[in-house]
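> Would you mind keeping the following structure in view while I ask a few things?
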Amino acid sequence: EAIVEVAPLEVLRPAAKPAQDEQAALAAVIKEEATVVDKAPAVAEEVEAPVPAPPAAPEEEHKAVVNNRFTVALEAEGDIGLVLDDLSEQGPVVADIQKGLVQDMGLQSPDLALRQYDCITAVNDVEGDVGYMCELLEAPTKARTVLKVLRPTEMHISFKKSGEEPLGIHMNFKTSSAGIVLEQIKEGGQFDRHLASLPEDARLRPGDRIIAINALRLRGTELVETLKK
């Protein structure tokens, strides 16, 4: 039996468990036959809404990180400079940071700098509508913009994968997504049996995001293909 060692597997866990499963947004599934279908998740119907007025309360500006949550305010106009991942129902996830307002703010306030994999849970007074939030963040800002941010917790696990048996997991990902989101773990499957051998606080659960294998951080499809090897 061929055994492949995957160690460590790097995982990001949201600070708060998603309110509901993201099955409706399932982009692709690692099936029992180990076949990967790369399919974009269903896109919610666009809802026309006016651009929200940015909050002006000064106490909202640059709140310190507390319980993995913090608030930052972008005061200038221009491109925000974020590449976003829309797999999470909690909000857009930062896939990459490019030249723009967020990068500039990070240089000025390193303790509140956004990082890759941070989840933006609110843009001004908009929350819950991930598609609309992405639109607001991808368009150049013309006024003060306040972001509420959730920083996930990083954890590592070691796992020896059998080349003969499928993992028994369903994943949500896109070609260039920031890692892959664990959607479902099949009871009694190879991965489920391994997790059962770990302490409860070290076990992966649906909603966790796998971001690297053997310290190699990859995007969605590439990471899935590496996981299958």
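Residues are named by chain letter and number: chains run A, B, ... in the order of the structure tokens, numbers start at 1 in each chain, and ligands are numbered from 1 in the order shown.
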Compile the contact shell of Gly188 in chain A as a PyMOL selection string: residues with an atom at most 12 Å away, counting only C-alpha atoms, same-chain residues fewer than 2 positions apart removed.

chain A and resi 165-169+185-186+190-196

> Go ahead and dump the residues you just picked, N, CA and C atoms, as a short mmCIF file (atom, residue, chain, number, x, y, z; two decimals), in the first residue's frame.


```cif
data_model
loop_
_atom_site.label_atom_id
_atom_site.label_comp_id
_atom_site.auth_asym_id
_atom_site.auth_seq_id
_atom_site.Cartn_x
_atom_site.Cartn_y
_atom_site.Cartn_z
N GLU A 165 -6.92 4.66 -0.87
CA GLU A 165 -8.24 5.01 -0.35
C GLU A 165 -8.50 6.51 -0.49
N PRO A 166 -9.70 6.89 -0.97
CA PRO A 166 -10.02 8.33 -1.04
C PRO A 166 -10.06 8.94 0.35
N LEU A 167 -9.81 10.23 0.42
CA LEU A 167 -9.77 10.91 1.71
C LEU A 167 -11.13 10.93 2.41
N GLY A 168 -12.19 11.01 1.63
CA GLY A 168 -13.51 11.10 2.25
C GLY A 168 -13.84 12.51 2.71
N ILE A 169 -13.49 13.50 1.91
CA ILE A 169 -13.79 14.90 2.26
C ILE A 169 -14.34 15.62 1.04
N ILE A 185 -16.78 16.18 6.06
CA ILE A 185 -15.90 15.06 6.35
C ILE A 185 -16.76 13.81 6.44
N LYS A 186 -16.54 12.84 5.57
CA LYS A 186 -17.35 11.62 5.55
C LYS A 186 -17.06 10.77 6.79
N GLN A 190 -11.13 7.92 5.55
CA GLN A 190 -9.72 7.96 5.94
C GLN A 190 -9.38 9.20 6.77
N PHE A 191 -9.85 10.34 6.33
CA PHE A 191 -9.53 11.58 7.04
C PHE A 191 -10.26 11.62 8.39
N ASP A 192 -11.50 11.17 8.41
CA ASP A 192 -12.27 11.15 9.65
C ASP A 192 -11.61 10.26 10.70
N ARG A 193 -11.11 9.11 10.29
CA ARG A 193 -10.45 8.20 11.22
C ARG A 193 -9.20 8.82 11.81
N HIS A 194 -8.46 9.55 10.97
CA HIS A 194 -7.25 10.22 11.46
C HIS A 194 -7.60 11.30 12.48
N LEU A 195 -8.62 12.10 12.18
CA LEU A 195 -9.00 13.17 13.09
C LEU A 195 -9.47 12.60 14.43
N ALA A 196 -10.11 11.44 14.40
CA ALA A 196 -10.60 10.83 15.64
C ALA A 196 -9.47 10.46 16.58
#
```

> So which residues touch Leu198 in chain A within 12 Å, counting only C-alpha atoms, skipping near sequence neighbours fewer than 6 positions away, as JSON, numbers by chain?

{"A": [156, 157, 158, 159, 191, 192, 204]}

> With N, CA and C atoms retained, export the selected residues as a tab-separated table (two decimals), in the first residue's frame.


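Just written: result-v6.tsv:
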```tsv
chain	number	residue	atom	x	y	z
A	156	HIS	N	-1.71	23.50	12.72
A	156	HIS	CA	-0.97	22.55	11.89
A	156	HIS	C	-1.30	21.13	12.33
A	157	ILE	N	-1.48	20.23	11.36
A	157	ILE	CA	-1.64	18.82	11.69
A	157	ILE	C	-0.75	18.00	10.76
A	158	SER	N	-0.36	16.81	11.21
A	158	SER	CA	0.39	15.86	10.38
A	158	SER	C	-0.53	14.71	10.01
A	159	PHE	N	-0.43	14.27	8.77
A	159	PHE	CA	-1.36	13.27	8.28
A	159	PHE	C	-0.68	12.38	7.25
A	191	PHE	N	-9.85	10.34	6.33
A	191	PHE	CA	-9.53	11.58	7.04
A	191	PHE	C	-10.26	11.62	8.39
A	192	ASP	N	-11.50	11.17	8.41
A	192	ASP	CA	-12.27	11.15	9.65
A	192	ASP	C	-11.61	10.26	10.70
A	204	LEU	N	-9.79	19.05	12.66
A	204	LEU	CA	-10.38	19.93	11.67
A	204	LEU	C	-11.89	19.76	11.68
```

> I'd like a table as a tab-separated table: residues in range 143-175 of chain A with an atom no more than 6 Å from range 118-125 of chain A, each row giving the shortest atom pair and its distance in Å to one decimal, only C-alpha atoms counted, sorted by chain and rising residue number.


```
residue	atom	partner	partner_atom	distance
A:Val146	CA	A:Asn124	CA	4.9
A:Leu147	CA	A:Val123	CA	4.9
A:Lys148	CA	A:Ala122	CA	5.0
A:Val149	CA	A:Ile120	CA	4.5
A:Leu150	CA	A:Cys119	CA	5.0
A:Arg151	CA	A:Asp118	CA	4.9
```

> If I take CA of Val130 in chain A and CA of Val93 in chain A, how far is one from the other in Å, to one decimal?

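One can read the CA of Val130 in chain A to CA of Val93 in chain A distance as 9.7 Å.
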
> Counting only C-alpha atoms, which residue out of A:Glu164, A:Gly100, A:Phe70, A:Ser177 sits closest to Leu112 in chain A?

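When distances to Leu112 in chain A are compared using only C-alpha atoms, the smallest one comes from A:Phe70.
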
> Going by DSSP on the backbone, which residues of range 165-214 of chain A come out as strand (DSSP E)? List them as a VMD selection string.

chain A and resid 169 to 172 180 to 185 209 to 213

> Hey, which of A:Leu114, A:Ala215, A:Met133, A:Val224 ends up closest to Asn172 in chain A? Count only C-alpha atoms.

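Answer, going by the shortest atom-to-atom distance: A:Val224.
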
> Got a sec: who's within 7 Å of Ile180 in chain A, counting only C-alpha atoms, leaving out chain neighbours fewer than 4 positions off, as a PyMOL selection string?

chain A and resi 171-173+209-211+220

> With all heavy atoms retained, export the selected residues as a PDB file, in the first residue's frame.


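So the final result, stored in part-v8.pdb, reads:
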```
ATOM      1  N   MET A 171     -14.624  19.458  -0.648  1.00  0.00           N
ATOM      2  CA  MET A 171     -13.932  20.745  -0.568  1.00  0.00           C
ATOM      3  C   MET A 171     -14.634  21.789  -1.418  1.00  0.00           C
ATOM      4  O   MET A 171     -15.233  21.478  -2.443  1.00  0.00           O
ATOM      5  CB  MET A 171     -12.482  20.607  -1.054  1.00  0.00           C
ATOM      6  CG  MET A 171     -11.610  19.776  -0.150  1.00  0.00           C
ATOM      7  SD  MET A 171     -11.273  20.631   1.381  1.00  0.00           S
ATOM      8  CE  MET A 171     -10.174  19.443   2.147  1.00  0.00           C
ATOM      9  N   ASN A 172     -14.538  23.030  -1.007  1.00  0.00           N
ATOM     10  CA  ASN A 172     -15.036  24.171  -1.763  1.00  0.00           C
ATOM     11  C   ASN A 172     -13.826  24.995  -2.171  1.00  0.00           C
ATOM     12  O   ASN A 172     -13.056  25.435  -1.310  1.00  0.00           O
ATOM     13  CB  ASN A 172     -15.990  24.989  -0.891  1.00  0.00           C
ATOM     14  CG  ASN A 172     -16.637  26.145  -1.651  1.00  0.00           C
ATOM     15  OD1 ASN A 172     -16.471  26.283  -2.854  1.00  0.00           O
ATOM     16  ND2 ASN A 172     -17.354  26.984  -0.932  1.00  0.00           N
ATOM     17  N   PHE A 173     -13.666  25.214  -3.470  1.00  0.00           N
ATOM     18  CA  PHE A 173     -12.505  25.974  -3.933  1.00  0.00           C
ATOM     19  C   PHE A 173     -12.739  26.485  -5.344  1.00  0.00           C
ATOM     20  O   PHE A 173     -13.639  26.037  -6.054  1.00  0.00           O
ATOM     21  CB  PHE A 173     -11.229  25.111  -3.901  1.00  0.00           C
ATOM     22  CG  PHE A 173     -11.235  23.972  -4.886  1.00  0.00           C
ATOM     23  CD1 PHE A 173     -10.605  24.086  -6.114  1.00  0.00           C
ATOM     24  CD2 PHE A 173     -11.857  22.775  -4.578  1.00  0.00           C
ATOM     25  CE1 PHE A 173     -10.608  23.045  -7.032  1.00  0.00           C
ATOM     26  CE2 PHE A 173     -11.860  21.715  -5.470  1.00  0.00           C
ATOM     27  CZ  PHE A 173     -11.239  21.848  -6.704  1.00  0.00           C
ATOM     28  N   ARG A 209     -10.120  26.211   6.672  1.00  0.00           N
ATOM     29  CA  ARG A 209      -9.523  26.453   5.359  1.00  0.00           C
ATOM     30  C   ARG A 209      -8.113  25.883   5.322  1.00  0.00           C
ATOM     31  O   ARG A 209      -7.248  26.283   6.106  1.00  0.00           O
ATOM     32  CB  ARG A 209      -9.494  27.959   5.074  1.00  0.00           C
ATOM     33  CG  ARG A 209      -8.962  28.347   3.699  1.00  0.00           C
ATOM     34  CD  ARG A 209      -8.981  29.859   3.529  1.00  0.00           C
ATOM     35  NE  ARG A 209     -10.317  30.398   3.469  1.00  0.00           N
ATOM     36  CZ  ARG A 209     -10.918  30.824   2.350  1.00  0.00           C
ATOM     37  NH1 ARG A 209     -10.270  30.783   1.195  1.00  0.00           N
ATOM     38  NH2 ARG A 209     -12.137  31.313   2.390  1.00  0.00           N
ATOM     39  N   ILE A 210      -7.857  24.933   4.433  1.00  0.00           N
ATOM     40  CA  ILE A 210      -6.518  24.360   4.259  1.00  0.00           C
ATOM     41  C   ILE A 210      -5.736  25.273   3.325  1.00  0.00           C
ATOM     42  O   ILE A 210      -6.189  25.563   2.208  1.00  0.00           O
ATOM     43  CB  ILE A 210      -6.588  22.933   3.686  1.00  0.00           C
ATOM     44  CG1 ILE A 210      -7.384  22.037   4.638  1.00  0.00           C
ATOM     45  CG2 ILE A 210      -5.187  22.368   3.468  1.00  0.00           C
ATOM     46  CD1 ILE A 210      -7.638  20.638   4.091  1.00  0.00           C
ATOM     47  N   ILE A 211      -4.572  25.746   3.771  1.00  0.00           N
ATOM     48  CA  ILE A 211      -3.833  26.740   2.993  1.00  0.00           C
ATOM     49  C   ILE A 211      -2.474  26.250   2.506  1.00  0.00           C
ATOM     50  O   ILE A 211      -1.884  26.861   1.622  1.00  0.00           O
ATOM     51  CB  ILE A 211      -3.637  28.036   3.804  1.00  0.00           C
ATOM     52  CG1 ILE A 211      -2.855  27.760   5.086  1.00  0.00           C
ATOM     53  CG2 ILE A 211      -4.986  28.676   4.126  1.00  0.00           C
ATOM     54  CD1 ILE A 211      -2.427  29.016   5.827  1.00  0.00           C
ATOM     55  N   GLY A 220      -6.246  27.355  -4.844  1.00  0.00           N
ATOM     56  CA  GLY A 220      -7.226  26.287  -4.819  1.00  0.00           C
ATOM     57  C   GLY A 220      -6.936  25.011  -5.590  1.00  0.00           C
ATOM     58  O   GLY A 220      -6.641  23.964  -5.009  1.00  0.00           O
TER      59      GLY A 220
END
```

> So which bits of range 104-201 of chain A end up alpha helix (DSSP H) when you DSSP the backbone, as a PyMOL selection string?

chain A and resi 104-108+130-138+190-196

> Name the residues in contact with Leu218 in chain A at a cut-off of 8 Å, using only C-alpha atoms, excluding same-chain residues fewer than 6 positions from it; report them as a ChimeraX atom specification.

/A:178-179,211-212

> With distances taken over only C-alpha atoms, which of A:Ile97, A:Asp208, A:Glu154, A:Glu200 is nearest to Glu183 in chain A?

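Ranking A:Ile97, A:Asp208, A:Glu154, A:Glu200 by distance to Glu183 in chain A, first place goes to A:Asp208.
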